[in-house]
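Enquirer: Got a structure here, written out as structure tokens. Questions coming.
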Amino acid sequence: MMEVLELLKKLTTLDGVSGEEKPVRDFILSHIKDYVDDYKIDNMGNLIAFKKGTGNSGLRIMLDAHMDEVGLMVTHINSDGLLKFQTIGGIEARVLVGKRVRVGEKGIPGVIGFKPIHLQESSERNGSVNKKKLTIDIGAKDREQAEEKVSVGDYVTFAYDPVDFGDNKLMAKALDNRVGCAALMELLKGRYEWDVYGCFTVQEEVGLKGAKTASYQVMPHMALILEGTTCYDVPDTQEQGMSTRCGKGPALTVMDRSVITDRDLVRFIASTAEQHNIPYQYKQTISGGTNAGRIQVNGTGVKVAVMAVPCRYIHTPVSVMDKSDFNHMITLARKVLETLPKSDAAKRCDQLVQPPAISLFADKGGKTYV
Amino acid sequence: MECSELLKKLGSMSAVAGRENRATQRIAELFGEYCDEVRVDAFYNVIGIKKGKGQNPGSVLVTAHYDEIGLIVTGIEESGFLKFAPNGGVDPKAIGAMPVLVHGKEDLFGVIGTKPPHLIPPEEADKAIKMEDMRIDIGLDGEKARELVSVGDMVSFVNPAQELMNNRLAGKSMDNRSGVAALVEILKELKKLNHEDDVYVAATVQEELGLIGAFTATYNIKADLGIVIDVCHGDMPDCPSDETFPLGKGVAIAVGPILSSKHTKACIKLAKSERIPYQIDPETGDTGTEAAVHAIAREGIPVVLLSIPAKYMHTSVEMVCVDDVIATGRLAARYIAGRVKD
Amino acid sequence: MFDLIKTLTQTYGPSGNEKKVAQTIRGLLEGKVDEIRTDAMGNLICVKKGSGKKIMLAAHMDEIGIIVSYIDDKGFIRFGNVGGIPPLIILGQRVVFENGTVGVIWYEESIDNMKNAKLDKMFIDIGAKSREEAEKLVKVGDMGVFVGDTIEQNGRIISKALDDRIGCAVLVQLALSEPETDNEIYYVFTTQEEVGLRGAKTAAFGIVPDMALAIDVCDMGDIPGCKPMAVKLGEGPTIKIKDRSVIAHPEVKDALIMAATENKIPYQMEVMLEGGTDAGSIHITAGGIPSGGVSIPTRFIHDAAEMVDMKDVENAIKLLAEFVKA
């Protein structure tokens, strides 16, 4: 698994804020095109890859991993050369202070500064950080100078390189959801009984958008969503608020704000894990939402499950995961894909009448599979 | 070494107030390239001595502190997470989601984590988080953590300085490694000049904890003139315009009751005639710098305060303009060479 | 009719776990309709074939409940909500899990103000003395529903889960009466309405009917101190004008009014300011499906003891029977 961890680290250094996923997509495509049967990039930028199944049931399983990350956008250049910004996706004010960023396609370096404590009024000292007052400083003297390097509308990402530390831990930006992308790239190397559609989707962080159109094109019977999820296994948190725990295996969602997952499918994943001694856990809080919610209500319905790597400090530039959880997620997902067609969960699938997958691979990009 | 490169190198050193000994050797070696003698006192102040050419040389003492703010470990929990308190003036609002280095038995990388929004009850959302409620995550369990970390270990922030537009550098500890870089600029400049006085260039300790190093340095060295180099606030939105100074407009020369009027005026005159960019920094009080110590050390050392404007002080992204650092060093060196005699 | 209502309301079926309800309904309608199928979300679709218009009638099978999120070392259970649960209304109620285990909902008495009695300050007690003992009966992820028996009194029914088993009962009864018409009728028993009108989306996509009605409960305005609303118990089923999720299609609404007036069936007009129904999902499916609703006025919605008037239920069946023939 060494290789896939290096792949993950490289993926986290690429920039792909919701709406500008191209650098991530290009990288993924350059790797997978040699081992998938076909692929397509749709109007929104979703990358849909296809691996024909060895069986002839005609059943389709969609594997979803969103490529986008949370980030910022320059909304105004002040006369003093500082850049005003808004967040894309959910980022809290308190994690933005004192961070390094890259602005625009050229990756112009900047920092998000903050009023020094010496100059704060007492009300400011005891209050919280006001997101609207934060600005990005690229060192420009005035607006004119800043405009030579950056523009309003430029996307901004956190500029942090991955660090291995502690006991098998990895810190990097965008673990949500480069863990899913790396895992999916690895899973697509295999060949399974059912037709597999590996969907690297866009715009999840701004409302689960890419998944809607991708699932519409694929019309899957089942879907497995690969994600990074909240983890706050820090002391003094009441255990029920921890959501998931690092090092206890990939987390399976029973219910969150977007979806109640398919019970049979989730049970099957859990029992597969138990059979093969792969650690797993259930996500304990019902907060958050994933592409599963959008995919489940596509067409005449899809049986969905979510497998996620617990990530501490998700949606910050310093998210942390346990490498073993990542490795176990891939192992478990692979085992599920290999044994799912024979399971009880799958038995009822062939009675489902799904509309056919819209012909994906007519002409745009990739070879057509005969 | 060129100033920008030097400042980046200095910025990457971890020398939290009270534990400057980690960087002492390297700074001593740096001074050694330009000085006749380098001494390190009991508190780890590094003093480089450059002898003057005069018959009866006076002495000039230039100080710039090399400690930085950081954190101190106050507890190690069962789960391996570390409790901590500030070491120096750290703003809890400025350290969320921040990478750090815990100086235990070895240097351990860690992260100051933040609570995810779903765990913050609405009543708390508008209040600042207290440092006692924050934790450092070093990715180890309780047992391993206790082997490698002890209560009292220091923690420094991780953010190596990075170049931005207009020769600006942003990173942690520009307060006051830019002052130390200015000290080196002084030494470089003095090589080209004739100076009568013996010059003592001192990188001092524990300024952030109460100007501590300055007390011993000014006591041990009987100086006729003191020059203090520190940072002052750069211009930022929403801050009082009379307490902030634009970057890139040169060294800020302080004027005020505890500073030597004679020497300060002479400095300003020199800056004008040598065309070194400068600004005036009105300091009506103690200045909050080592100048306050120089002024009343022993029988009193007439002192000049030269400051480098720095934005976002006491955060991990303190920003200075390298041109200002060079201007500071140049002005100080030239004044030392041609200073007003008593 | 009462027995049907009692059977349906007492069957376990929180959002996402409607299987038992679907099985019960399938058992009742097997052989009485031309086709019965299920989709991936568990919707039960019963078709009475025909050559005329395609009409979809939807009633949701799921009821609100709670989901176990954590069991502490003393055996106390922490939970989250499945669907809309008003915190103060569930305090002190009993919940029952699929395997029959009963629990009591209580709160951390140390909180200073009842306003802060939110779900995260509550817990369920099943009488276990430790986590181990509790886990023999209940696991993280298990869902519980409220306990509330079904009784008839003064011509009214008091029960838990009348939302929306009463709608299901109406549809079952309608299907059993085998209305004579050329129209193709889809009796659709949907899933996961309470968590976001989800099942109806896929059911509608699979049918694409010419028009659709949601059969659900609606609020009323005739108890002390309630928000003003023109609907009263016993004065007839409502014809939906508007709820939070949809404005009923005028042609559907008019067709319902005509069916009611021509056949002298009492009805009321429904303008519901809170709450949505399956119609909200159905009408924006595919290319758009003209939708409306017929609702049973209900008191104490989302409590363990809701109340409806039997006359409204019977008139709702009559009204729908006429509507599907048109």
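Residues are referred to by chain and number: the chain letter is A, B, ... according to the order shown in the structure tokens, the number counts from 1 in that chain, and ligands are numbered separately from 1 in the order shown.
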If DSSP is run on the backbone, what residues of region 149-283 of chain B are strand (DSSP E)? A reply as number ranges by chain would be ideal.

Expert: B: 154-157, 162-163, 168-171, 198-204, 225-233, 251-255, 278-282

Enquirer: Residues near Pro277 (chain B), anyone? I mean within 8 Å using only C-alpha atoms, not counting same-chain ones fewer than 2 positions away, as a PyMOL selection string.

Expert: chain B and resi 249-251+271-272+275+279+327

Enquirer: Set the distance at 8 Å and use only C-alpha atoms: which residues neighbour Thr316 (chain A) once local chain neighbours fewer than 2 positions away are removed? I'd like the list as a PDB file with N, CA and C atoms, in the first residue's frame.

Expert:
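This went into selection.pdb:
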```
ATOM      1  N   ILE A  91     -15.983  26.698   5.735  1.00  0.00           N
ATOM      2  CA  ILE A  91     -14.731  26.884   6.477  1.00  0.00           C
ATOM      3  C   ILE A  91     -14.998  27.912   7.563  1.00  0.00           C
ATOM      4  N   VAL A  95     -10.329  29.009  11.810  1.00  0.00           N
ATOM      5  CA  VAL A  95      -9.217  28.232  11.243  1.00  0.00           C
ATOM      6  C   VAL A  95      -8.490  28.980  10.133  1.00  0.00           C
ATOM      7  N   LEU A  96      -9.013  30.157   9.765  1.00  0.00           N
ATOM      8  CA  LEU A  96      -8.414  30.886   8.656  1.00  0.00           C
ATOM      9  C   LEU A  96      -7.261  31.780   9.099  1.00  0.00           C
ATOM     10  N   LYS A 173      -3.668  19.096   3.762  1.00  0.00           N
ATOM     11  CA  LYS A 173      -4.920  19.765   3.460  1.00  0.00           C
ATOM     12  C   LYS A 173      -5.713  18.856   2.520  1.00  0.00           C
ATOM     13  N   ALA A 174      -6.993  19.073   2.481  1.00  0.00           N
ATOM     14  CA  ALA A 174      -7.877  18.360   1.556  1.00  0.00           C
ATOM     15  C   ALA A 174      -7.905  16.831   1.689  1.00  0.00           C
ATOM     16  N   TYR A 313     -10.055  17.614  12.357  1.00  0.00           N
ATOM     17  CA  TYR A 313      -9.870  18.969  11.833  1.00  0.00           C
ATOM     18  C   TYR A 313     -10.200  19.041  10.343  1.00  0.00           C
ATOM     19  N   ILE A 314     -11.288  18.374   9.984  1.00  0.00           N
ATOM     20  CA  ILE A 314     -11.690  18.364   8.581  1.00  0.00           C
ATOM     21  C   ILE A 314     -12.031  19.794   8.177  1.00  0.00           C
ATOM     22  N   VAL A 318      -5.011  21.639   8.089  1.00  0.00           N
ATOM     23  CA  VAL A 318      -4.172  20.695   8.841  1.00  0.00           C
ATOM     24  C   VAL A 318      -4.952  19.454   9.234  1.00  0.00           C
ATOM     25  N   SER A 319      -5.780  18.936   8.305  1.00  0.00           N
ATOM     26  CA  SER A 319      -6.555  17.748   8.653  1.00  0.00           C
ATOM     27  C   SER A 319      -5.610  16.560   8.886  1.00  0.00           C
TER      28      SER A 319
ATOM     29  N   ALA B  97      -6.165  25.423  14.266  1.00  0.00           N
ATOM     30  CA  ALA B  97      -5.763  24.677  13.069  1.00  0.00           C
ATOM     31  C   ALA B  97      -4.345  25.044  12.646  1.00  0.00           C
TER      32      ALA B  97
END
```

Enquirer: Could you pull out the alpha helix (DSSP H) residues of region 157-272 of chain C, going by DSSP on the backbone, and write them as a PyMOL selection string?

Expert: chain C and resi 162-176+198-207+250-262

Enquirer: Please compute the CA of Asp198 (chain B)-CA of Glu274 (chain B) distance, one decimal, in Å.

Expert: 22.8 Å

Enquirer: Determine which residues of chain C sit within 12 Å of chain B, taking into account only C-alpha atoms, and present them as a list in words.

Expert: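 Result: Asn116, Lys118, Asp120 and Lys121 of chain C.
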
Enquirer: Could you check which of A:Glu124, A:Glu193, A:Asp26, A:Asp80 is closest to Ala128 (chain B), using only C-alpha atoms?

Expert: A:Glu124

Enquirer: Which is closer to Asp137 (chain B) than all the others in A:Lys10, A:Lys169, A:His31, A:Arg267, using only C-alpha atoms?

Expert: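 Closest to Asp137 (chain B) of all the choices is A:Lys169.
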
Enquirer: Return the neighbours of chain C among the residues of chain A, cut-off 9 Å, counting only C-alpha atoms, as JSON, numbers by chain.

Expert: {"A": [221, 222, 239, 240, 241, 243, 253, 254, 255, 257, 258, 259, 260, 261, 262, 263, 282, 283, 284, 285, 286, 296, 297, 298, 299, 300, 301, 302, 303, 348, 349, 351, 352, 353, 354, 355]}

Enquirer: Would you kindly report the residues of chain B within 6 Å of chain A, using only C-alpha atoms, as a PDB file with N, CA and C atoms, in the first residue's frame?

Expert:
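Just written: iface-v3.pdb:
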```
ATOM      1  N   ASP B  91      -2.205  34.977  21.091  1.00  0.00           N
ATOM      2  CA  ASP B  91      -3.637  35.202  20.976  1.00  0.00           C
ATOM      3  C   ASP B  91      -4.329  33.885  20.651  1.00  0.00           C
ATOM      4  N   ALA B  94      -5.656  33.268  17.243  1.00  0.00           N
ATOM      5  CA  ALA B  94      -4.782  33.204  16.076  1.00  0.00           C
ATOM      6  C   ALA B  94      -4.098  31.857  15.915  1.00  0.00           C
ATOM      7  N   GLY B  96      -5.786  28.572  15.950  1.00  0.00           N
ATOM      8  CA  GLY B  96      -6.617  27.414  15.602  1.00  0.00           C
ATOM      9  C   GLY B  96      -6.094  26.750  14.333  1.00  0.00           C
ATOM     10  N   ALA B  97      -6.165  25.423  14.266  1.00  0.00           N
ATOM     11  CA  ALA B  97      -5.763  24.677  13.069  1.00  0.00           C
ATOM     12  C   ALA B  97      -4.345  25.044  12.646  1.00  0.00           C
ATOM     13  N   GLY B 113      -5.659  21.503  17.100  1.00  0.00           N
ATOM     14  CA  GLY B 113      -6.894  21.219  16.380  1.00  0.00           C
ATOM     15  C   GLY B 113      -7.998  22.177  16.745  1.00  0.00           C
ATOM     16  N   THR B 114      -9.107  22.058  16.018  1.00  0.00           N
ATOM     17  CA  THR B 114     -10.275  22.885  16.331  1.00  0.00           C
ATOM     18  C   THR B 114     -11.496  21.995  16.404  1.00  0.00           C
ATOM     19  N   ASP B 126     -20.202  32.751  19.405  1.00  0.00           N
ATOM     20  CA  ASP B 126     -19.630  34.085  19.273  1.00  0.00           C
ATOM     21  C   ASP B 126     -18.546  34.380  20.293  1.00  0.00           C
ATOM     22  N   LYS B 127     -18.244  33.423  21.108  1.00  0.00           N
ATOM     23  CA  LYS B 127     -17.227  33.699  22.143  1.00  0.00           C
ATOM     24  C   LYS B 127     -15.891  33.138  21.706  1.00  0.00           C
ATOM     25  N   ALA B 128     -14.816  33.795  22.175  1.00  0.00           N
ATOM     26  CA  ALA B 128     -13.473  33.312  21.845  1.00  0.00           C
ATOM     27  C   ALA B 128     -13.227  32.011  22.587  1.00  0.00           C
ATOM     28  N   ILE B 138      -0.434  15.285  18.801  1.00  0.00           N
ATOM     29  CA  ILE B 138       0.834  14.836  18.223  1.00  0.00           C
ATOM     30  C   ILE B 138       0.697  13.441  17.637  1.00  0.00           C
ATOM     31  N   GLY B 139      -0.563  12.975  17.556  1.00  0.00           N
ATOM     32  CA  GLY B 139      -0.795  11.699  16.889  1.00  0.00           C
ATOM     33  C   GLY B 139      -0.282  10.489  17.649  1.00  0.00           C
ATOM     34  N   LEU B 140      -0.073  10.625  18.957  1.00  0.00           N
ATOM     35  CA  LEU B 140       0.399   9.475  19.737  1.00  0.00           C
ATOM     36  C   LEU B 140      -0.604   9.165  20.838  1.00  0.00           C
ATOM     37  N   LEU B 164       6.869  37.125  -0.539  1.00  0.00           N
ATOM     38  CA  LEU B 164       5.686  37.622  -1.226  1.00  0.00           C
ATOM     39  C   LEU B 164       6.143  38.800  -2.094  1.00  0.00           C
ATOM     40  N   MET B 165       5.168  39.549  -2.630  1.00  0.00           N
ATOM     41  CA  MET B 165       5.538  40.677  -3.488  1.00  0.00           C
ATOM     42  C   MET B 165       6.327  41.730  -2.739  1.00  0.00           C
ATOM     43  N   ARG B 168       8.655  41.343   0.482  1.00  0.00           N
ATOM     44  CA  ARG B 168       8.155  41.047   1.810  1.00  0.00           C
ATOM     45  C   ARG B 168       8.362  39.591   2.145  1.00  0.00           C
ATOM     46  N   TYR B 312       0.735  41.965  11.410  1.00  0.00           N
ATOM     47  CA  TYR B 312       0.202  40.719  11.989  1.00  0.00           C
ATOM     48  C   TYR B 312       1.128  40.162  13.078  1.00  0.00           C
ATOM     49  N   MET B 313       1.605  41.051  13.928  1.00  0.00           N
ATOM     50  CA  MET B 313       2.519  40.642  14.977  1.00  0.00           C
ATOM     51  C   MET B 313       1.893  39.597  15.891  1.00  0.00           C
ATOM     52  N   THR B 315       1.351  36.542  15.272  1.00  0.00           N
ATOM     53  CA  THR B 315       0.645  35.450  14.593  1.00  0.00           C
ATOM     54  C   THR B 315       1.730  34.676  13.860  1.00  0.00           C
ATOM     55  N   SER B 316       1.335  33.610  13.182  1.00  0.00           N
ATOM     56  CA  SER B 316       2.331  32.821  12.458  1.00  0.00           C
ATOM     57  C   SER B 316       2.702  33.421  11.119  1.00  0.00           C
ATOM     58  N   VAL B 317       2.064  34.526  10.761  1.00  0.00           N
ATOM     59  CA  VAL B 317       2.332  35.095   9.438  1.00  0.00           C
ATOM     60  C   VAL B 317       2.808  36.539   9.545  1.00  0.00           C
TER      61      VAL B 317
END
```

Enquirer: Need to verify the contact set: Ile265 (chain C), 9 Å, only C-alpha atoms, exclusion of same-chain residues closer than 6 positions in sequence. Can you return it as a list in words?

Expert: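 Residues near the query, excluding close chain neighbours: Gly236, Ala259, Asn315, Ala316, Lys318 and Leu319 of chain C.
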
Enquirer: When you count only C-alpha atoms, which of these residues is closest to Lys160 (chain C): C:Trp106, C:Phe146, C:Phe2, C:Tyr12?

Expert: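 Nearest to Lys160 (chain C): C:Phe146.
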